[in-house]
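Worksheet: one structure, shown below.
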Number of protein chains: 2
Amino acid sequence: MEIVENEQTCKKAHLAIQDTLDVVGGKWKLILISILRNGPFRFKELSREAGITPRILSKELKELEMNGLVTRTVCDTRPITVEYALTDYSESLSEVIMAMHKWGTEHRERIKKEW
Amino acid sequence: MEIVENEQTCKKAHLAIQDTLDVVGGKWKLILISILRNGPFRFKELSREAGITPRILSKELKELEMNGLVTRTVCDTRPITVEYALTDYSESLSEVIMAMHKWGTEHRERIKKEW
DNA sequence: TATATATTTGTAACTACTTACACAAAGAAT
DNA sequence: ATTCTTTGTGTAAGTAGTTACAAATATATA
């Protein structure tokens, strides 16, 4: 008897999901990536746009940088500014981002219709 | 001047992402949904498979049920067993789940090759 | 009677996450 | 000299998430 296991039926599929969550899980990372898809942002802009405190933003950006999803560029301005931008590799997340964007939009519509 | 904003460039795209995270964000929900895609599970099976303590599993399942993603069925056995299964609506998350599964798998490959 | 099962819940402890606030560095502006 | 800017960090406090453990329920088994 041949056993066929594809992505959907594999019993250990959740391990791959877990790997993804290890990198972009949590409260902020996908939000930050989603914002950065509009182009590079400076630290303070990002903080205001996401509604995240500097303390946490700093930590999150460091982790995203370590995972090769974001670059940090110090600009030679006075005072110094720092620009954060997505890497090419982060483009690999576009399916995830777009799927979540689509679901969020449709789910909101569904909730509205319930009332 | 015409302003064109699609899903990708919309400055408020992260709000839709946020809506999604409000429902399936956190440490466990997508993992649980991913496991339940293999068919209905009983409480204890789910607890063991996900490596989640009963206390938290109970809370997570309640939230998934409230959001119409999971059903809870009490079976007339002795002792009573409870079966958790995905709803039809949860199928709407398949793009999100599959995109995350794919990314996790490919990202793991990429990490392996770095060494 | 004593023990075992499955599905929870209550409580307290513990860890992780997040915020608020102050402050540093390095000039620029007043 | 004083104040302002941006990008952070240090510290302490508060909130949220998680665990460990005991227990409740309802019944079956030894």
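Starting from 1 in every chain, residues are counted up; chains themselves are A, B, ... following the order of the structure tokens, and ligands are numbered from 1 as listed.
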Expected answer as a CSV table (one decimal) with N, CA and C atoms (P, O5', C5', C4', C3', O3' and C1' of nucleotides), in the first residue's frame: chain C residues within 8 Å of chain A, only C-alpha atoms (C1' of nucleotides):
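Wrote selection_26.csv, looks like this:
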chain,number,residue,atom,x,y,z
C,18,DT,P,5.2,41.9,22.6
C,18,DT,O5',5.1,43.2,23.5
C,18,DT,C5',3.9,43.4,24.3
C,18,DT,C4',4.1,44.7,25.1
C,18,DT,C3',4.7,45.9,24.4
C,18,DT,O3',3.6,46.8,24.2
C,18,DT,C1',5.5,45.6,26.7
C,19,DT,P,3.9,48.3,23.7
C,19,DT,O5',4.0,49.1,25.0
C,19,DT,C5',3.0,49.0,26.0
C,19,DT,C4',3.4,49.8,27.2
C,19,DT,C3',3.8,51.3,26.9
C,19,DT,O3',3.0,52.1,27.6
C,19,DT,C1',5.4,50.2,28.3
C,26,DA,P,30.0,61.0,20.5
C,26,DA,O5',29.6,61.7,19.2
C,26,DA,C5',28.4,61.3,18.4
C,26,DA,C4',27.9,62.5,17.6
C,26,DA,C3',28.8,63.7,17.7
C,26,DA,O3',28.9,64.3,16.4
C,26,DA,C1',26.7,64.3,18.5
C,27,DG,P,30.2,65.2,15.9
C,27,DG,O5',29.9,66.6,16.5
C,27,DG,C5',29.6,67.7,15.7
C,27,DG,C4',28.1,67.6,15.3
C,27,DG,C3',27.6,69.0,14.8
C,27,DG,O3',27.1,68.9,13.5
C,27,DG,C1',26.1,67.9,16.5
C,28,DA,P,26.8,70.3,12.7
C,28,DA,O5',25.3,70.7,13.2
C,28,DA,C5',24.2,70.0,12.6
C,28,DA,C4',22.9,70.8,12.8
C,28,DA,C3',23.0,72.2,12.4
C,28,DA,O3',21.7,72.6,11.8
C,28,DA,C1',22.6,72.0,14.8
Notebook entry, point to check: Residues at most 12 Å from D:DA12, counting only C-alpha atoms (C1' of nucleotides), excluding those fewer than 6 positions away in the same chain, as an MDAnalysis selection string?
Noted result: chainID C and resid 19:22
Distance-based interface of chain B with chain A, 8 Å, counting only C-alpha atoms, as a short mmCIF file (atom, residue, chain, number, x, y, z; two decimals) with N, CA and C atoms, in the first residue's frame:
data_model
loop_
_atom_site.label_atom_id
_atom_site.label_comp_id
_atom_site.auth_asym_id
_atom_site.auth_seq_id
_atom_site.Cartn_x
_atom_site.Cartn_y
_atom_site.Cartn_z
N GLU B 7 -3.53 46.38 -2.95
CA GLU B 7 -3.31 45.72 -1.67
C GLU B 7 -1.87 45.88 -1.18
N GLN B 8 -0.94 45.80 -2.12
CA GLN B 8 0.45 45.80 -1.71
C GLN B 8 0.94 47.17 -1.29
N THR B 9 0.49 48.21 -1.99
CA THR B 9 1.05 49.52 -1.72
C THR B 9 0.24 50.34 -0.73
N CYS B 10 -0.98 49.90 -0.46
CA CYS B 10 -1.83 50.66 0.48
C CYS B 10 -1.12 50.87 1.80
N LYS B 11 -1.12 52.11 2.22
CA LYS B 11 -0.38 52.44 3.44
C LYS B 11 -0.99 51.80 4.67
N LYS B 12 -2.27 51.43 4.59
CA LYS B 12 -2.91 50.85 5.77
C LYS B 12 -3.05 49.34 5.66
N ALA B 13 -2.27 48.73 4.78
CA ALA B 13 -2.33 47.28 4.60
C ALA B 13 -2.11 46.55 5.92
N HIS B 14 -1.30 47.15 6.76
CA HIS B 14 -1.00 46.43 8.00
C HIS B 14 -2.20 46.32 8.93
N ALA B 16 -5.14 45.28 7.96
CA ALA B 16 -5.77 44.00 7.59
C ALA B 16 -4.96 42.84 8.18
N ILE B 17 -3.63 42.98 8.10
CA ILE B 17 -2.76 41.98 8.72
C ILE B 17 -3.07 41.89 10.22
N GLN B 18 -3.24 43.07 10.81
CA GLN B 18 -3.55 43.12 12.24
C GLN B 18 -4.85 42.37 12.55
N ASP B 19 -5.85 42.56 11.70
CA ASP B 19 -7.12 41.86 11.90
C ASP B 19 -6.91 40.35 11.90
N THR B 20 -6.08 39.89 10.98
CA THR B 20 -5.80 38.45 10.93
C THR B 20 -5.09 37.99 12.19
N LEU B 21 -4.09 38.76 12.60
CA LEU B 21 -3.34 38.38 13.80
C LEU B 21 -4.24 38.38 15.04
N GLY B 25 -3.39 35.03 15.51
CA GLY B 25 -2.05 35.33 15.99
C GLY B 25 -1.77 34.59 17.29
N GLY B 26 -0.58 34.79 17.81
CA GLY B 26 -0.20 34.12 19.04
C GLY B 26 0.54 32.83 18.77
N LYS B 27 0.88 32.19 19.84
CA LYS B 27 1.81 31.07 19.77
C LYS B 27 1.19 29.78 19.27
N LEU B 30 -2.43 28.90 14.91
CA LEU B 30 -2.16 28.36 13.57
C LEU B 30 -1.63 26.93 13.65
N ILE B 31 -0.86 26.65 14.69
CA ILE B 31 -0.38 25.29 14.91
C ILE B 31 -1.56 24.33 15.09
N LEU B 32 -2.50 24.73 15.94
CA LEU B 32 -3.66 23.87 16.20
C LEU B 32 -4.48 23.67 14.93
N SER B 34 -3.43 23.86 11.92
CA SER B 34 -2.62 23.01 11.03
C SER B 34 -2.76 21.53 11.40
N ILE B 35 -2.74 21.24 12.68
CA ILE B 35 -2.89 19.85 13.12
C ILE B 35 -4.28 19.32 12.79
N ARG B 37 -6.12 19.99 10.44
CA ARG B 37 -6.32 19.73 9.02
C ARG B 37 -6.16 18.25 8.69
N ASN B 38 -5.58 17.49 9.61
CA ASN B 38 -5.48 16.03 9.41
C ASN B 38 -6.74 15.29 9.84
N SER B 92 -11.08 28.86 4.70
CA SER B 92 -10.68 30.17 4.15
C SER B 92 -9.26 30.54 4.56
N LEU B 93 -8.74 29.85 5.57
CA LEU B 93 -7.38 30.13 6.02
C LEU B 93 -6.33 29.30 5.29
N GLU B 95 -4.99 29.36 2.41
CA GLU B 95 -3.90 30.08 1.74
C GLU B 95 -2.84 30.55 2.73
N VAL B 96 -3.32 31.04 3.87
CA VAL B 96 -2.40 31.50 4.90
C VAL B 96 -1.56 30.33 5.41
N ILE B 97 -2.24 29.25 5.74
CA ILE B 97 -1.56 28.06 6.27
C ILE B 97 -0.56 27.52 5.26
N MET B 98 -0.99 27.41 4.02
CA MET B 98 -0.10 26.83 3.01
C MET B 98 1.09 27.73 2.72
N ALA B 99 0.84 29.03 2.69
CA ALA B 99 1.95 29.96 2.46
C ALA B 99 2.96 29.88 3.59
N MET B 100 2.48 29.75 4.80
CA MET B 100 3.39 29.66 5.94
C MET B 100 4.12 28.32 5.96
N HIS B 101 3.42 27.28 5.57
CA HIS B 101 4.05 25.96 5.50
C HIS B 101 5.18 25.98 4.47
N LYS B 102 4.87 26.55 3.33
CA LYS B 102 5.86 26.60 2.25
C LYS B 102 7.07 27.44 2.67
N TRP B 103 6.80 28.59 3.25
CA TRP B 103 7.90 29.46 3.64
C TRP B 103 8.78 28.81 4.71
N GLY B 104 8.14 28.18 5.68
CA GLY B 104 8.89 27.51 6.74
C GLY B 104 9.80 26.44 6.20
N THR B 105 9.27 25.67 5.25
CA THR B 105 10.04 24.58 4.64
C THR B 105 11.22 25.15 3.86
N HIS B 107 12.59 28.12 4.10
CA HIS B 107 13.52 28.86 4.97
C HIS B 107 14.45 27.88 5.68
N ARG B 108 13.91 26.76 6.10
CA ARG B 108 14.74 25.75 6.76
C ARG B 108 15.82 25.23 5.80
#
Note to self: Just the number, please: distance in Å from atom CA of A:Ser90 to atom CA of A:Lys29, one decimal.
What the structure shows: 11.7 Å
Taking the backbone alone, and naming residues the way the document does, which bits of chain B are strand (DSSP E or B) by DSSP, as a PDB file with N, CA and C atoms, in the first residue's frame?
ATOM      1  N   PHE B  41      -9.630  15.780  16.162  1.00  0.00           N
ATOM      2  CA  PHE B  41      -8.763  15.307  17.234  1.00  0.00           C
ATOM      3  C   PHE B  41      -9.513  15.392  18.555  1.00  0.00           C
ATOM      4  N   ARG B  42      -9.158  14.501  19.451  1.00  0.00           N
ATOM      5  CA  ARG B  42      -9.683  14.614  20.803  1.00  0.00           C
ATOM      6  C   ARG B  42      -8.771  15.534  21.602  1.00  0.00           C
ATOM      7  N   VAL B  70     -13.459  26.432  14.637  1.00  0.00           N
ATOM      8  CA  VAL B  70     -13.386  25.078  15.196  1.00  0.00           C
ATOM      9  C   VAL B  70     -14.732  24.728  15.821  1.00  0.00           C
ATOM     10  N   THR B  71     -15.118  23.449  15.700  1.00  0.00           N
ATOM     11  CA  THR B  71     -16.319  22.978  16.402  1.00  0.00           C
ATOM     12  C   THR B  71     -15.919  22.044  17.531  1.00  0.00           C
ATOM     13  N   ARG B  72     -16.744  22.024  18.547  1.00  0.00           N
ATOM     14  CA  ARG B  72     -16.523  21.185  19.712  1.00  0.00           C
ATOM     15  C   ARG B  72     -17.704  20.229  19.810  1.00  0.00           C
ATOM     16  N   THR B  73     -17.432  18.931  19.751  1.00  0.00           N
ATOM     17  CA  THR B  73     -18.503  17.941  19.793  1.00  0.00           C
ATOM     18  C   THR B  73     -18.272  16.965  20.939  1.00  0.00           C
ATOM     19  N   VAL B  74     -19.234  16.910  21.826  1.00  0.00           N
ATOM     20  CA  VAL B  74     -19.143  15.958  22.941  1.00  0.00           C
ATOM     21  C   VAL B  74     -19.657  14.608  22.452  1.00  0.00           C
ATOM     22  N   CYS B  75     -18.845  13.570  22.603  1.00  0.00           N
ATOM     23  CA  CYS B  75     -19.231  12.231  22.156  1.00  0.00           C
ATOM     24  C   CYS B  75     -19.804  11.438  23.319  1.00  0.00           C
ATOM     25  N   THR B  81     -15.853  11.766  25.709  1.00  0.00           N
ATOM     26  CA  THR B  81     -14.738  12.329  24.951  1.00  0.00           C
ATOM     27  C   THR B  81     -15.253  13.529  24.172  1.00  0.00           C
ATOM     28  N   VAL B  82     -14.354  14.398  23.824  1.00  0.00           N
ATOM     29  CA  VAL B  82     -14.741  15.601  23.088  1.00  0.00           C
ATOM     30  C   VAL B  82     -13.893  15.680  21.835  1.00  0.00           C
ATOM     31  N   GLU B  83     -14.567  15.890  20.734  1.00  0.00           N
ATOM     32  CA  GLU B  83     -13.861  15.935  19.466  1.00  0.00           C
ATOM     33  C   GLU B  83     -13.830  17.363  18.941  1.00  0.00           C
ATOM     34  N   TYR B  84     -12.666  17.786  18.549  1.00  0.00           N
ATOM     35  CA  TYR B  84     -12.518  19.102  17.946  1.00  0.00           C
ATOM     36  C   TYR B  84     -12.236  18.944  16.463  1.00  0.00           C
ATOM     37  N   ALA B  85     -12.924  19.738  15.661  1.00  0.00           N
ATOM     38  CA  ALA B  85     -12.749  19.659  14.215  1.00  0.00           C
ATOM     39  C   ALA B  85     -12.793  21.053  13.610  1.00  0.00           C
ATOM     40  N   LEU B  86     -12.233  21.178  12.435  1.00  0.00           N
ATOM     41  CA  LEU B  86     -12.272  22.458  11.733  1.00  0.00           C
ATOM     42  C   LEU B  86     -13.648  22.685  11.125  1.00  0.00           C
TER      43      LEU B  86
END
Go through chain D and flag each residue having an atom no more than 9 Å from chain B; for those, report the closest pair of atoms plus their distance in Å to one decimal, using only C-alpha atoms (C1' of nucleotides), ordered by chain and rising number, as a tab-separated table.
residue	atom	partner	partner_atom	distance
D:DT18	C1'	B:Ile56	CA	7.4
D:DT19	C1'	B:Thr53	CA	7.5
D:DA26	C1'	B:Pro79	CA	7.2
D:DT27	C1'	B:Pro79	CA	5.9
D:DA28	C1'	B:Arg78	CA	7.3
Go ahead and write the residues just picked, C-alpha atoms (C1' of nucleotides), as a compact mmCIF listing (two decimals), in the first residue's frame.
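Full text of again.txt as output:
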# COMPACT_ATOMS: atom_id res chain seq x y z
C1' DT D 18 2.26 29.88 30.30
C1' DT D 19 3.05 26.22 33.44
C1' DA D 26 -19.18 11.22 35.66
C1' DT D 27 -18.48 6.67 34.94
C1' DA D 28 -15.99 2.04 34.31
Next item on the list: Run DSSP on the backbone and give me the residues of stretch 6-111 of chain A it puts in alpha helix (DSSP H), as a ChimeraX atom specification.
Entry: /A:13-24,29-36,43-50,54-66,94-111
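Take the candidates C:DC23, C:DC17, C:DT8, C:DA29 and check each one against D:DG14 using only C-alpha atoms (C1' of nucleotides); the shortest distance goes to C:DC17.
Atom CA of A:Arg110 is positioned 28.5 Å from atom CA of B:Leu46.
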Note to self: What's the separation between atom C1' of D:DG8 and atom CA of A:Lys59, in Å to one decimal place?
What the structure shows: 10.4 Å
